[in-house]
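Asker: This is the structure I have questions about; it appears just below.
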Amino acid sequence: MNFALTPELQQLQRTTRAFIRDVIIPMESDPRQDAHGPHESLRLDLVARAREAGLLTPHASVEMGGMGLSHIAKAVMFEEAGYSKLGPTALNIHAPDEGNIHLMDEVASAVQKERWLRPLVSGKTRSCFAMTEPSPGAGADPGMLATTATRDGKGYRINGTKWFITGADGASYVIVMARMEDGTATMFLADMNQPGITLERNMDAMDTCFTGGHGVLRFDNLYVPEEDILGEPGKGFRYAQVRLAPARLTHCMRWLGQARRAHDVAVAYASKRQAFGRPIAEHEGVGFMLADNDMDLQTSRLHIWHTAWLLDQGARCNFESSRAKVVCSEAQWRVVDRCVQILGGQGVTGEKEVMRIFTDMRAFRIYDGPSEVHRWSMARKIVHAATSDNQGGKSA
């Protein structure tokens, strides 16, 4: 593996970095945003600017109107976009749309792609992904899925409650996971404006960077015709992995940009702020934290690039994406936490961007599976592989 960037990737990096610096960061103080993320009018303005710059929806297929980038190219571009809290929204690579675009590119029918995917790729619409449920339903354990899909003529009736559904408020359509009568899981596509779907409320969350916030959705006898099943019936859990393995990694890419932003702010501050007769960066207590930041940032980047390279080779990478998710979310969190400490009073107020990054970043260790679930999953696979190797040795 050669992780040196090609001239083409270097140019992509420079172009994206300049766009974020010159166009998007100046818009971070736009009043059209609140505790539940950027308002739709701001999102549309951001998307229009990215479209004009030729940087919109880089991960979607060229056929659907995207740039068709490789995973390595996405790693470069997504990190640069993540440097601003509005960057992923502008480039149309924010969650959950980024993961939904990847999933639908892979499994949606031609009709479904034209009806739902193409407008999403163009940035005209938003979507949401409804799998997580309140207790005793599915959370870290998708096998506890409680929302049901019952056969009704040529379609299905969906009943259940989902929560922490990112982007639900204002989404044009939803991908909803429901349990079939035979116990398998299926994904369904449904427009959000039809009877049977109720947005009960938006949940107050630590983060403020996702358009539409995080909502609670209730499905009451929602009718979905069988042609609106996404992919094949009964393959919902399999499709969830198709979506989640790359989505875990793209979270790592975007948040790496935010961690790098916090580090840059801390370096600039520590280089100028005086204490005991010299800049605080020259004191070992601060200097060592900056050095640790650099190591954690580079560790994150190498894990991202390695897993992206494997995905580009066609590997499934469920194990590797879990490993990257844990390593990156915890390393990047340490970076931002140190930056708050370095900035002192400036780090716990809105005087610096770092406070907002801190509150947004903490949730990253929960999104797409908490670290503990990924460690548990990895441990099972490690033990299974070791057991299989030992049995193979004995039989030989």
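Residue numbering restarts at 1 for every chain of the structure tokens, chains are lettered A, B, ... in their displayed order, and ligands are numbered from 1 as they appear.
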With only C-alpha atoms as the counted atoms, please give the residues lying no more than 8 Å from Ala185 of chain A, apart from itself and same-chain residues fewer than 5 positions off, as an NGL selection string.

Answerer: :A and (177-180 or 233-237)

Asker: Output N, CA and C atoms for every residue in the selection just made, as a PDB file, in the first residue's frame.

Answerer:
ATOM      1  N   MET A 177     -36.740   0.157   8.494  1.00  0.00           N
ATOM      2  CA  MET A 177     -36.485  -1.264   8.710  1.00  0.00           C
ATOM      3  C   MET A 177     -37.607  -1.835   9.569  1.00  0.00           C
ATOM      4  N   ALA A 178     -38.192  -2.944   9.101  1.00  0.00           N
ATOM      5  CA  ALA A 178     -39.291  -3.570   9.838  1.00  0.00           C
ATOM      6  C   ALA A 178     -39.156  -5.084   9.799  1.00  0.00           C
ATOM      7  N   ARG A 179     -39.721  -5.714  10.819  1.00  0.00           N
ATOM      8  CA  ARG A 179     -39.677  -7.178  10.916  1.00  0.00           C
ATOM      9  C   ARG A 179     -40.877  -7.777  10.193  1.00  0.00           C
ATOM     10  N   MET A 180     -40.607  -8.759   9.344  1.00  0.00           N
ATOM     11  CA  MET A 180     -41.647  -9.446   8.599  1.00  0.00           C
ATOM     12  C   MET A 180     -42.302 -10.523   9.479  1.00  0.00           C
ATOM     13  N   PRO A 233     -37.033  -8.675  -0.180  1.00  0.00           N
ATOM     14  CA  PRO A 233     -37.619  -8.930   1.142  1.00  0.00           C
ATOM     15  C   PRO A 233     -36.728  -9.869   1.957  1.00  0.00           C
ATOM     16  N   GLY A 234     -36.666  -9.607   3.261  1.00  0.00           N
ATOM     17  CA  GLY A 234     -35.930 -10.494   4.151  1.00  0.00           C
ATOM     18  C   GLY A 234     -34.438 -10.240   4.236  1.00  0.00           C
ATOM     19  N   LYS A 235     -33.926  -9.281   3.475  1.00  0.00           N
ATOM     20  CA  LYS A 235     -32.479  -9.032   3.470  1.00  0.00           C
ATOM     21  C   LYS A 235     -32.110  -7.711   4.161  1.00  0.00           C
ATOM     22  N   GLY A 236     -32.985  -7.242   5.039  1.00  0.00           N
ATOM     23  CA  GLY A 236     -32.742  -5.957   5.680  1.00  0.00           C
ATOM     24  C   GLY A 236     -31.460  -5.910   6.485  1.00  0.00           C
ATOM     25  N   PHE A 237     -31.183  -6.951   7.259  1.00  0.00           N
ATOM     26  CA  PHE A 237     -29.973  -6.940   8.081  1.00  0.00           C
ATOM     27  C   PHE A 237     -28.720  -6.976   7.205  1.00  0.00           C
TER      28      PHE A 237
END

Asker: Tell me which protein, DNA and RNA residues are within 10 Å of Trp309 of chain A, counting only C-alpha atoms, leaving out same-chain ones fewer than 4 positions away, and put them as number ranges by chain.

Answerer: A: 1-3, 70-73, 75, 303-305, 313-315

Asker: Determine, for each residue of segment 75-129 of chain A having at least one atom at most 12 Å from an atom of segment 58-68 of chain A, the closest pair of atoms and their separation in Å to one decimal, counting only C-alpha atoms; order by chain and ascending number, as CSV.

Answerer:
residue,atom,partner,partner_atom,distance
A:Ala75,CA,A:His59,CA,10.3
A:Val76,CA,A:Pro58,CA,11.2
A:Met77,CA,A:Pro58,CA,8.4
A:Phe78,CA,A:Pro58,CA,9.1
A:Ala81,CA,A:Pro58,CA,11.1
A:Pro88,CA,A:Pro58,CA,10.8
A:Ala90,CA,A:Pro58,CA,11.3
A:Leu91,CA,A:Pro58,CA,7.5
A:Asn92,CA,A:Pro58,CA,8.1
A:Ile93,CA,A:His59,CA,7.6
A:His94,CA,A:His59,CA,11.0
A:Asp97,CA,A:Ala60,CA,10.6
A:Glu98,CA,A:His59,CA,7.7
A:Gly99,CA,A:His59,CA,9.6
A:Asn100,CA,A:Ala60,CA,10.2
A:Ile101,CA,A:Ala60,CA,6.5
A:His102,CA,A:Ala60,CA,6.7
A:Leu103,CA,A:Ala60,CA,10.1
A:Met104,CA,A:Ala60,CA,9.7
A:Asp105,CA,A:Ser61,CA,7.1
A:Glu106,CA,A:Ser61,CA,9.8
A:Ala108,CA,A:Met64,CA,11.9
A:Ala110,CA,A:Met64,CA,10.5
A:Gln112,CA,A:Met64,CA,11.8
A:Lys113,CA,A:Met64,CA,8.0
A:Glu114,CA,A:Met64,CA,8.5
A:Arg115,CA,A:Met64,CA,11.5
A:Trp116,CA,A:Met64,CA,10.9
A:Leu117,CA,A:Met64,CA,7.6
A:Arg118,CA,A:Met64,CA,5.7
A:Pro119,CA,A:Met64,CA,9.1
A:Leu120,CA,A:Met64,CA,9.5
A:Val121,CA,A:Gly65,CA,6.5
A:Ser122,CA,A:Gly65,CA,6.8
A:Gly123,CA,A:Gly65,CA,10.3

Asker: Write the residues of the preceding selection, restricted to N, CA and C atoms, as an mmCIF file, in the first residue's frame.

Answerer:
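Saved to again.cif:
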data_model
loop_
_atom_site.group_PDB
_atom_site.id
_atom_site.type_symbol
_atom_site.label_atom_id
_atom_site.label_comp_id
_atom_site.auth_asym_id
_atom_site.auth_seq_id
_atom_site.Cartn_x
_atom_site.Cartn_y
_atom_site.Cartn_z
ATOM 1 N N ALA A 75 -11.815 9.707 1.283
ATOM 2 C CA ALA A 75 -11.109 9.962 2.535
ATOM 3 C C ALA A 75 -10.429 11.326 2.509
ATOM 4 N N VAL A 76 -9.844 11.667 1.378
ATOM 5 C CA VAL A 76 -9.176 12.959 1.233
ATOM 6 C C VAL A 76 -10.191 14.099 1.238
ATOM 7 N N MET A 77 -11.228 13.954 0.459
ATOM 8 C CA MET A 77 -12.200 15.035 0.279
ATOM 9 C C MET A 77 -13.081 15.215 1.512
ATOM 10 N N PHE A 78 -13.501 14.115 2.136
ATOM 11 C CA PHE A 78 -14.384 14.204 3.295
ATOM 12 C C PHE A 78 -13.673 14.847 4.491
ATOM 13 N N ALA A 81 -13.767 18.516 3.838
ATOM 14 C CA ALA A 81 -15.124 19.028 4.047
ATOM 15 C C ALA A 81 -15.443 19.138 5.525
ATOM 16 N N PRO A 88 -19.816 19.170 5.309
ATOM 17 C CA PRO A 88 -20.526 17.981 4.844
ATOM 18 C C PRO A 88 -21.918 18.288 4.302
ATOM 19 N N ALA A 90 -22.803 21.115 2.812
ATOM 20 C CA ALA A 90 -22.609 21.764 1.515
ATOM 21 C C ALA A 90 -22.321 20.750 0.418
ATOM 22 N N LEU A 91 -21.456 19.791 0.694
ATOM 23 C CA LEU A 91 -21.053 18.819 -0.324
ATOM 24 C C LEU A 91 -22.035 17.663 -0.454
ATOM 25 N N ASN A 92 -23.103 17.690 0.370
ATOM 26 C CA ASN A 92 -24.125 16.637 0.344
ATOM 27 C C ASN A 92 -23.542 15.286 0.732
ATOM 28 N N ILE A 93 -22.661 15.316 1.731
ATOM 29 C CA ILE A 93 -22.045 14.075 2.220
ATOM 30 C C ILE A 93 -22.318 13.882 3.713
ATOM 31 N N HIS A 94 -23.346 14.556 4.210
ATOM 32 C CA HIS A 94 -23.672 14.455 5.620
ATOM 33 C C HIS A 94 -24.497 13.201 5.878
ATOM 34 N N ASP A 97 -27.854 11.053 4.710
ATOM 35 C CA ASP A 97 -27.987 10.984 3.252
ATOM 36 C C ASP A 97 -26.804 10.293 2.590
ATOM 37 N N GLU A 98 -25.621 10.516 3.126
ATOM 38 C CA GLU A 98 -24.432 9.898 2.524
ATOM 39 C C GLU A 98 -24.564 8.376 2.515
ATOM 40 N N GLY A 99 -24.938 7.803 3.665
ATOM 41 C CA GLY A 99 -25.101 6.356 3.731
ATOM 42 C C GLY A 99 -26.272 5.860 2.907
ATOM 43 N N ASN A 100 -27.365 6.623 2.884
ATOM 44 C CA ASN A 100 -28.526 6.220 2.098
ATOM 45 C C ASN A 100 -28.216 6.231 0.604
ATOM 46 N N ILE A 101 -27.443 7.219 0.178
ATOM 47 C CA ILE A 101 -27.055 7.278 -1.237
ATOM 48 C C ILE A 101 -26.236 6.051 -1.607
ATOM 49 N N HIS A 102 -25.280 5.704 -0.766
ATOM 50 C CA HIS A 102 -24.462 4.516 -1.044
ATOM 51 C C HIS A 102 -25.327 3.260 -1.099
ATOM 52 N N LEU A 103 -26.218 3.106 -0.122
ATOM 53 C CA LEU A 103 -27.074 1.921 -0.082
ATOM 54 C C LEU A 103 -27.961 1.833 -1.310
ATOM 55 N N MET A 104 -28.619 2.925 -1.674
ATOM 56 C CA MET A 104 -29.546 2.889 -2.797
ATOM 57 C C MET A 104 -28.821 2.724 -4.119
ATOM 58 N N ASP A 105 -27.621 3.278 -4.225
ATOM 59 C CA ASP A 105 -26.814 3.047 -5.420
ATOM 60 C C ASP A 105 -26.555 1.553 -5.617
ATOM 61 N N GLU A 106 -26.440 0.835 -4.477
ATOM 62 C CA GLU A 106 -26.110 -0.585 -4.530
ATOM 63 C C GLU A 106 -27.334 -1.466 -4.775
ATOM 64 N N ALA A 108 -31.075 -0.373 -4.871
ATOM 65 C CA ALA A 108 -32.376 0.128 -5.333
ATOM 66 C C ALA A 108 -32.636 -0.275 -6.786
ATOM 67 N N ALA A 110 -34.168 0.393 -10.680
ATOM 68 C CA ALA A 110 -34.021 1.538 -11.579
ATOM 69 C C ALA A 110 -35.124 2.570 -11.336
ATOM 70 N N GLN A 112 -36.823 3.049 -8.512
ATOM 71 C CA GLN A 112 -36.579 3.673 -7.217
ATOM 72 C C GLN A 112 -35.465 4.706 -7.293
ATOM 73 N N LYS A 113 -34.457 4.414 -8.078
ATOM 74 C CA LYS A 113 -33.355 5.372 -8.217
ATOM 75 C C LYS A 113 -33.825 6.669 -8.852
ATOM 76 N N GLU A 114 -34.664 6.561 -9.860
ATOM 77 C CA GLU A 114 -35.143 7.783 -10.514
ATOM 78 C C GLU A 114 -36.099 8.560 -9.606
ATOM 79 N N ARG A 115 -36.910 7.838 -8.864
ATOM 80 C CA ARG A 115 -37.913 8.499 -8.024
ATOM 81 C C ARG A 115 -37.305 9.130 -6.770
ATOM 82 N N TRP A 116 -36.397 8.411 -6.120
ATOM 83 C CA TRP A 116 -35.898 8.856 -4.821
ATOM 84 C C TRP A 116 -34.402 9.223 -4.819
ATOM 85 N N LEU A 117 -33.584 8.420 -5.499
ATOM 86 C CA LEU A 117 -32.141 8.623 -5.374
ATOM 87 C C LEU A 117 -31.641 9.833 -6.148
ATOM 88 N N ARG A 118 -32.072 9.984 -7.397
ATOM 89 C CA ARG A 118 -31.529 11.081 -8.212
ATOM 90 C C ARG A 118 -31.782 12.457 -7.581
ATOM 91 N N PRO A 119 -33.004 12.741 -7.086
ATOM 92 C CA PRO A 119 -33.193 14.041 -6.417
ATOM 93 C C PRO A 119 -32.316 14.199 -5.168
ATOM 94 N N LEU A 120 -32.037 13.084 -4.485
ATOM 95 C CA LEU A 120 -31.181 13.138 -3.307
ATOM 96 C C LEU A 120 -29.745 13.469 -3.694
ATOM 97 N N VAL A 121 -29.262 12.836 -4.744
ATOM 98 C CA VAL A 121 -27.898 13.098 -5.221
ATOM 99 C C VAL A 121 -27.738 14.538 -5.670
ATOM 100 N N SER A 122 -28.771 15.099 -6.268
ATOM 101 C CA SER A 122 -28.709 16.477 -6.751
ATOM 102 C C SER A 122 -28.803 17.505 -5.633
ATOM 103 N N GLY A 123 -29.116 17.047 -4.420
ATOM 104 C CA GLY A 123 -29.239 17.953 -3.284
ATOM 105 C C GLY A 123 -30.596 18.616 -3.178
#

Asker: Give the alpha helix (DSSP H) residues of segment 152-382 of chain A, as assigned by DSSP on the backbone, as an MDAnalysis selection string.

Answerer: chainID A and resid 236:272 284:312 318:343 354:362 371:382

Asker: For the selection you just gave me, I'd like the residues written to a file as an mmCIF file, in the first residue's frame, keeping C-alpha atoms.

Answerer:
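Below is the file that was written, out.cif:
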data_model
loop_
_atom_site.group_PDB
_atom_site.id
_atom_site.type_symbol
_atom_site.label_atom_id
_atom_site.label_comp_id
_atom_site.auth_asym_id
_atom_site.auth_seq_id
_atom_site.Cartn_x
_atom_site.Cartn_y
_atom_site.Cartn_z
ATOM 1 C CA GLY A 236 -32.742 -5.957 5.680
ATOM 2 C CA PHE A 237 -29.973 -6.940 8.081
ATOM 3 C CA ARG A 238 -27.646 -7.759 5.197
ATOM 4 C CA TYR A 239 -28.364 -4.407 3.562
ATOM 5 C CA ALA A 240 -27.764 -2.665 6.870
ATOM 6 C CA GLN A 241 -24.174 -3.903 6.721
ATOM 7 C CA VAL A 242 -23.891 -2.713 3.107
ATOM 8 C CA ARG A 243 -24.813 0.713 4.398
ATOM 9 C CA LEU A 244 -23.077 0.774 7.771
ATOM 10 C CA ALA A 245 -19.582 -0.501 6.923
ATOM 11 C CA PRO A 246 -18.755 2.445 4.612
ATOM 12 C CA ALA A 247 -20.848 4.856 6.729
ATOM 13 C CA ARG A 248 -18.762 4.139 9.824
ATOM 14 C CA LEU A 249 -15.667 5.033 7.831
ATOM 15 C CA THR A 250 -17.086 8.215 6.331
ATOM 16 C CA HIS A 251 -18.010 9.363 9.860
ATOM 17 C CA CYS A 252 -14.319 8.911 10.700
ATOM 18 C CA MET A 253 -13.307 10.927 7.641
ATOM 19 C CA ARG A 254 -15.578 13.878 8.374
ATOM 20 C CA TRP A 255 -14.822 14.057 12.092
ATOM 21 C CA LEU A 256 -11.092 13.912 11.364
ATOM 22 C CA GLY A 257 -11.533 17.291 9.686
ATOM 23 C CA GLN A 258 -13.237 18.682 12.789
ATOM 24 C CA ALA A 259 -10.512 17.308 15.071
ATOM 25 C CA ARG A 260 -7.856 18.859 12.836
ATOM 26 C CA ARG A 261 -9.720 22.188 12.998
ATOM 27 C CA ALA A 262 -9.715 22.072 16.813
ATOM 28 C CA HIS A 263 -6.012 21.203 16.833
ATOM 29 C CA ASP A 264 -5.185 24.102 14.509
ATOM 30 C CA VAL A 265 -7.071 26.495 16.796
ATOM 31 C CA ALA A 266 -5.207 25.138 19.832
ATOM 32 C CA VAL A 267 -1.807 25.413 18.133
ATOM 33 C CA ALA A 268 -2.461 29.016 17.121
ATOM 34 C CA TYR A 269 -3.600 29.888 20.641
ATOM 35 C CA ALA A 270 -0.749 28.081 22.392
ATOM 36 C CA SER A 271 1.811 29.778 20.156
ATOM 37 C CA LYS A 272 0.649 33.261 21.216
ATOM 38 C CA GLU A 284 5.912 20.684 28.338
ATOM 39 C CA GLY A 285 2.412 20.254 29.746
ATOM 40 C CA VAL A 286 0.942 21.959 26.682
ATOM 41 C CA GLY A 287 3.592 20.968 24.148
ATOM 42 C CA PHE A 288 3.171 17.287 24.940
ATOM 43 C CA MET A 289 -0.598 17.572 24.415
ATOM 44 C CA LEU A 290 0.005 19.079 20.977
ATOM 45 C CA ALA A 291 2.398 16.237 20.158
ATOM 46 C CA ASP A 292 -0.165 13.668 21.328
ATOM 47 C CA ASN A 293 -2.748 15.385 19.129
ATOM 48 C CA ASP A 294 -0.528 15.016 16.102
ATOM 49 C CA MET A 295 -0.055 11.307 16.781
ATOM 50 C CA ASP A 296 -3.772 10.697 17.275
ATOM 51 C CA LEU A 297 -4.638 12.591 14.099
ATOM 52 C CA GLN A 298 -2.136 10.624 12.061
ATOM 53 C CA THR A 299 -3.228 7.325 13.617
ATOM 54 C CA SER A 300 -6.812 8.129 12.624
ATOM 55 C CA ARG A 301 -5.813 9.067 9.104
ATOM 56 C CA LEU A 302 -3.819 5.862 8.564
ATOM 57 C CA HIS A 303 -6.680 3.692 9.834
ATOM 58 C CA ILE A 304 -9.080 5.501 7.498
ATOM 59 C CA TRP A 305 -6.811 5.213 4.483
ATOM 60 C CA HIS A 306 -6.031 1.554 5.150
ATOM 61 C CA THR A 307 -9.705 0.607 5.414
ATOM 62 C CA ALA A 308 -10.581 2.782 2.402
ATOM 63 C CA TRP A 309 -7.877 1.020 0.396
ATOM 64 C CA LEU A 310 -9.331 -2.380 1.354
ATOM 65 C CA LEU A 311 -12.823 -1.255 0.317
ATOM 66 C CA ASP A 312 -11.432 -0.113 -3.019
ATOM 67 C CA ASN A 318 -16.886 -5.193 8.475
ATOM 68 C CA PHE A 319 -14.132 -6.023 10.978
ATOM 69 C CA GLU A 320 -11.820 -3.292 9.703
ATOM 70 C CA SER A 321 -14.553 -0.661 9.681
ATOM 71 C CA SER A 322 -15.428 -1.521 13.287
ATOM 72 C CA ARG A 323 -11.771 -1.193 14.245
ATOM 73 C CA ALA A 324 -11.441 2.120 12.434
ATOM 74 C CA LYS A 325 -14.637 3.426 14.036
ATOM 75 C CA VAL A 326 -13.360 2.714 17.560
ATOM 76 C CA VAL A 327 -9.806 3.894 16.980
ATOM 77 C CA CYS A 328 -10.817 7.074 15.163
ATOM 78 C CA SER A 329 -13.734 8.107 17.360
ATOM 79 C CA GLU A 330 -11.678 7.725 20.522
ATOM 80 C CA ALA A 331 -8.472 9.241 19.121
ATOM 81 C CA GLN A 332 -10.298 12.221 17.647
ATOM 82 C CA TRP A 333 -12.209 12.709 20.892
ATOM 83 C CA ARG A 334 -8.892 12.804 22.786
ATOM 84 C CA VAL A 335 -7.639 15.458 20.372
ATOM 85 C CA VAL A 336 -10.620 17.733 20.921
ATOM 86 C CA ASP A 337 -10.611 17.154 24.681
ATOM 87 C CA ARG A 338 -6.947 18.205 24.847
ATOM 88 C CA CYS A 339 -7.716 21.282 22.770
ATOM 89 C CA VAL A 340 -10.345 22.375 25.306
ATOM 90 C CA GLN A 341 -7.752 21.930 28.054
ATOM 91 C CA ILE A 342 -5.131 23.936 26.162
ATOM 92 C CA LEU A 343 -7.554 26.784 25.493
ATOM 93 C CA VAL A 354 -13.583 24.206 19.836
ATOM 94 C CA MET A 355 -16.431 24.200 22.374
ATOM 95 C CA ARG A 356 -18.976 23.442 19.643
ATOM 96 C CA ILE A 357 -16.703 20.758 18.147
ATOM 97 C CA PHE A 358 -16.370 19.218 21.622
ATOM 98 C CA THR A 359 -20.132 18.844 22.118
ATOM 99 C CA ASP A 360 -20.672 17.577 18.571
ATOM 100 C CA MET A 361 -17.730 15.158 18.724
ATOM 101 C CA ARG A 362 -18.775 13.362 21.913
ATOM 102 C CA SER A 371 -17.326 1.557 20.919
ATOM 103 C CA GLU A 372 -18.273 -1.243 23.321
ATOM 104 C CA VAL A 373 -20.454 -3.000 20.730
ATOM 105 C CA HIS A 374 -17.696 -2.823 18.113
ATOM 106 C CA ARG A 375 -15.159 -4.202 20.594
ATOM 107 C CA TRP A 376 -17.549 -7.048 21.456
ATOM 108 C CA SER A 377 -18.094 -7.823 17.778
ATOM 109 C CA MET A 378 -14.371 -7.730 17.041
ATOM 110 C CA ALA A 379 -13.575 -9.964 20.013
ATOM 111 C CA ARG A 380 -16.047 -12.596 18.813
ATOM 112 C CA LYS A 381 -14.442 -12.622 15.378
ATOM 113 C CA ILE A 382 -10.931 -12.753 16.810
#

Asker: Could you jot down the atom CA of Ser109 of chain A to atom CA of Ser127 of chain A separation for me, Å, one decimal place?

Answerer: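 Taking atom CA of Ser109 of chain A as the start and atom CA of Ser127 of chain A as the end point, the length is 17.1 Å.
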
Asker: Would you mind reading off the distance between atom CA of Tyr173 of chain A and atom CA of Gly82 of chain A, one decimal, in Å?

Answerer: 25.2 Å

Asker: Which value, in Å to one decimal, gives the distance between atom CA of Gly155 of chain A and atom CA of Val224 of chain A?

Answerer: 5.5 Å

Asker: When distances are computed from only C-alpha atoms, which of A:Asp169, A:Glu40, A:Asp389, A:Asp368 shows the smallest separation from Ala140 of chain A?

Answerer: A:Asp368

Asker: Just the strand (DSSP E) stuff from segment 89-306 of chain A, please, per backbone DSSP, written as a PyMOL selection string.

Answerer: chain A and resi 127-130+148-152+155-166+173-179+185-191+197-203+214-225+229-230+274-275+278-279

Asker: Could you save those same residues with C-alpha atoms as a PDB file, in the first residue's frame?

Answerer:
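Written out: selection-v9.pdb:
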ATOM      1  CA  SER A 127     -33.812  11.461   3.453  1.00  0.00           C
ATOM      2  CA  CYS A 128     -33.691   9.635   6.762  1.00  0.00           C
ATOM      3  CA  PHE A 129     -32.954   6.079   7.873  1.00  0.00           C
ATOM      4  CA  ALA A 130     -35.292   4.603  10.504  1.00  0.00           C
ATOM      5  CA  THR A 148     -43.523  -4.831  12.143  1.00  0.00           C
ATOM      6  CA  ALA A 149     -44.505  -5.181   8.497  1.00  0.00           C
ATOM      7  CA  THR A 150     -47.681  -7.191   7.957  1.00  0.00           C
ATOM      8  CA  ARG A 151     -48.907  -8.326   4.571  1.00  0.00           C
ATOM      9  CA  ASP A 152     -51.956  -6.426   3.260  1.00  0.00           C
ATOM     10  CA  GLY A 155     -48.356  -4.295   0.033  1.00  0.00           C
ATOM     11  CA  TYR A 156     -47.536  -4.125   3.732  1.00  0.00           C
ATOM     12  CA  ARG A 157     -48.735  -2.277   6.817  1.00  0.00           C
ATOM     13  CA  ILE A 158     -45.929  -0.929   8.986  1.00  0.00           C
ATOM     14  CA  ASN A 159     -46.385  -0.255  12.693  1.00  0.00           C
ATOM     15  CA  GLY A 160     -43.861   0.834  15.288  1.00  0.00           C
ATOM     16  CA  THR A 161     -41.836   3.667  16.757  1.00  0.00           C
ATOM     17  CA  LYS A 162     -38.338   4.793  15.802  1.00  0.00           C
ATOM     18  CA  TRP A 163     -36.212   7.356  17.551  1.00  0.00           C
ATOM     19  CA  PHE A 164     -32.941   9.222  17.191  1.00  0.00           C
ATOM     20  CA  ILE A 165     -33.738   9.339  13.475  1.00  0.00           C
ATOM     21  CA  THR A 166     -31.267  11.857  12.088  1.00  0.00           C
ATOM     22  CA  TYR A 173     -38.605  10.117   2.343  1.00  0.00           C
ATOM     23  CA  VAL A 174     -37.581   7.458   4.815  1.00  0.00           C
ATOM     24  CA  ILE A 175     -35.922   4.063   4.594  1.00  0.00           C
ATOM     25  CA  VAL A 176     -37.587   2.104   7.372  1.00  0.00           C
ATOM     26  CA  MET A 177     -36.485  -1.264   8.710  1.00  0.00           C
ATOM     27  CA  ALA A 178     -39.291  -3.570   9.838  1.00  0.00           C
ATOM     28  CA  ARG A 179     -39.677  -7.178  10.916  1.00  0.00           C
ATOM     29  CA  ALA A 185     -36.091  -7.876   8.368  1.00  0.00           C
ATOM     30  CA  THR A 186     -36.915  -5.831   5.277  1.00  0.00           C
ATOM     31  CA  MET A 187     -36.230  -2.244   4.228  1.00  0.00           C
ATOM     32  CA  PHE A 188     -39.078  -0.138   2.846  1.00  0.00           C
ATOM     33  CA  LEU A 189     -39.099   3.220   1.054  1.00  0.00           C
ATOM     34  CA  ALA A 190     -41.853   5.670   1.922  1.00  0.00           C
ATOM     35  CA  ASP A 191     -42.545   9.345   1.299  1.00  0.00           C
ATOM     36  CA  ILE A 197     -46.057   8.666   9.464  1.00  0.00           C
ATOM     37  CA  THR A 198     -45.928  11.072  12.399  1.00  0.00           C
ATOM     38  CA  LEU A 199     -42.925  13.067  13.557  1.00  0.00           C
ATOM     39  CA  GLU A 200     -43.747  13.138  17.267  1.00  0.00           C
ATOM     40  CA  ARG A 201     -40.933  15.444  18.291  1.00  0.00           C
ATOM     41  CA  ASN A 202     -37.322  16.440  17.792  1.00  0.00           C
ATOM     42  CA  MET A 203     -34.987  15.231  20.495  1.00  0.00           C
ATOM     43  CA  HIS A 214     -32.852  13.811  15.524  1.00  0.00           C
ATOM     44  CA  GLY A 215     -36.533  12.901  15.550  1.00  0.00           C
ATOM     45  CA  VAL A 216     -38.988  10.406  16.999  1.00  0.00           C
ATOM     46  CA  LEU A 217     -41.113   8.797  14.276  1.00  0.00           C
ATOM     47  CA  ARG A 218     -44.313   6.799  14.745  1.00  0.00           C
ATOM     48  CA  PHE A 219     -45.691   4.489  12.056  1.00  0.00           C
ATOM     49  CA  ASP A 220     -49.418   3.742  12.318  1.00  0.00           C
ATOM     50  CA  ASN A 221     -50.636   1.269   9.683  1.00  0.00           C
ATOM     51  CA  LEU A 222     -48.405   2.928   7.079  1.00  0.00           C
ATOM     52  CA  TYR A 223     -49.187   1.284   3.758  1.00  0.00           C
ATOM     53  CA  VAL A 224     -46.206   0.524   1.519  1.00  0.00           C
ATOM     54  CA  PRO A 225     -46.755  -1.227  -1.835  1.00  0.00           C
ATOM     55  CA  ILE A 229     -39.423  -2.611  -0.885  1.00  0.00           C
ATOM     56  CA  LEU A 230     -35.755  -1.634  -1.055  1.00  0.00           C
ATOM     57  CA  GLN A 274       1.876  33.830  27.321  1.00  0.00           C
ATOM     58  CA  ALA A 275       2.277  32.290  30.779  1.00  0.00           C
ATOM     59  CA  ARG A 278       6.863  32.445  27.445  1.00  0.00           C
ATOM     60  CA  PRO A 279       4.227  31.031  25.068  1.00  0.00           C
TER      61      PRO A 279
END

Asker: Neighbouring residues of Pro26 of chain A were defined as those with any atom within 12 Å, considering only C-alpha atoms; residues of the same chain fewer than 2 positions away were excluded. Please report them as a ChimeraX atom specification.

Answerer: /A:19-24,28-30,46,84-87

Asker: If we count only C-alpha atoms and set the cut-off at 9 Å, which residues sit around His36 of chain A, ignoring sequence neighbours fewer than 4 positions away in its own chain? Please answer as a PyMOL selection string.

Answerer: chain A and resi 202-205+207-214
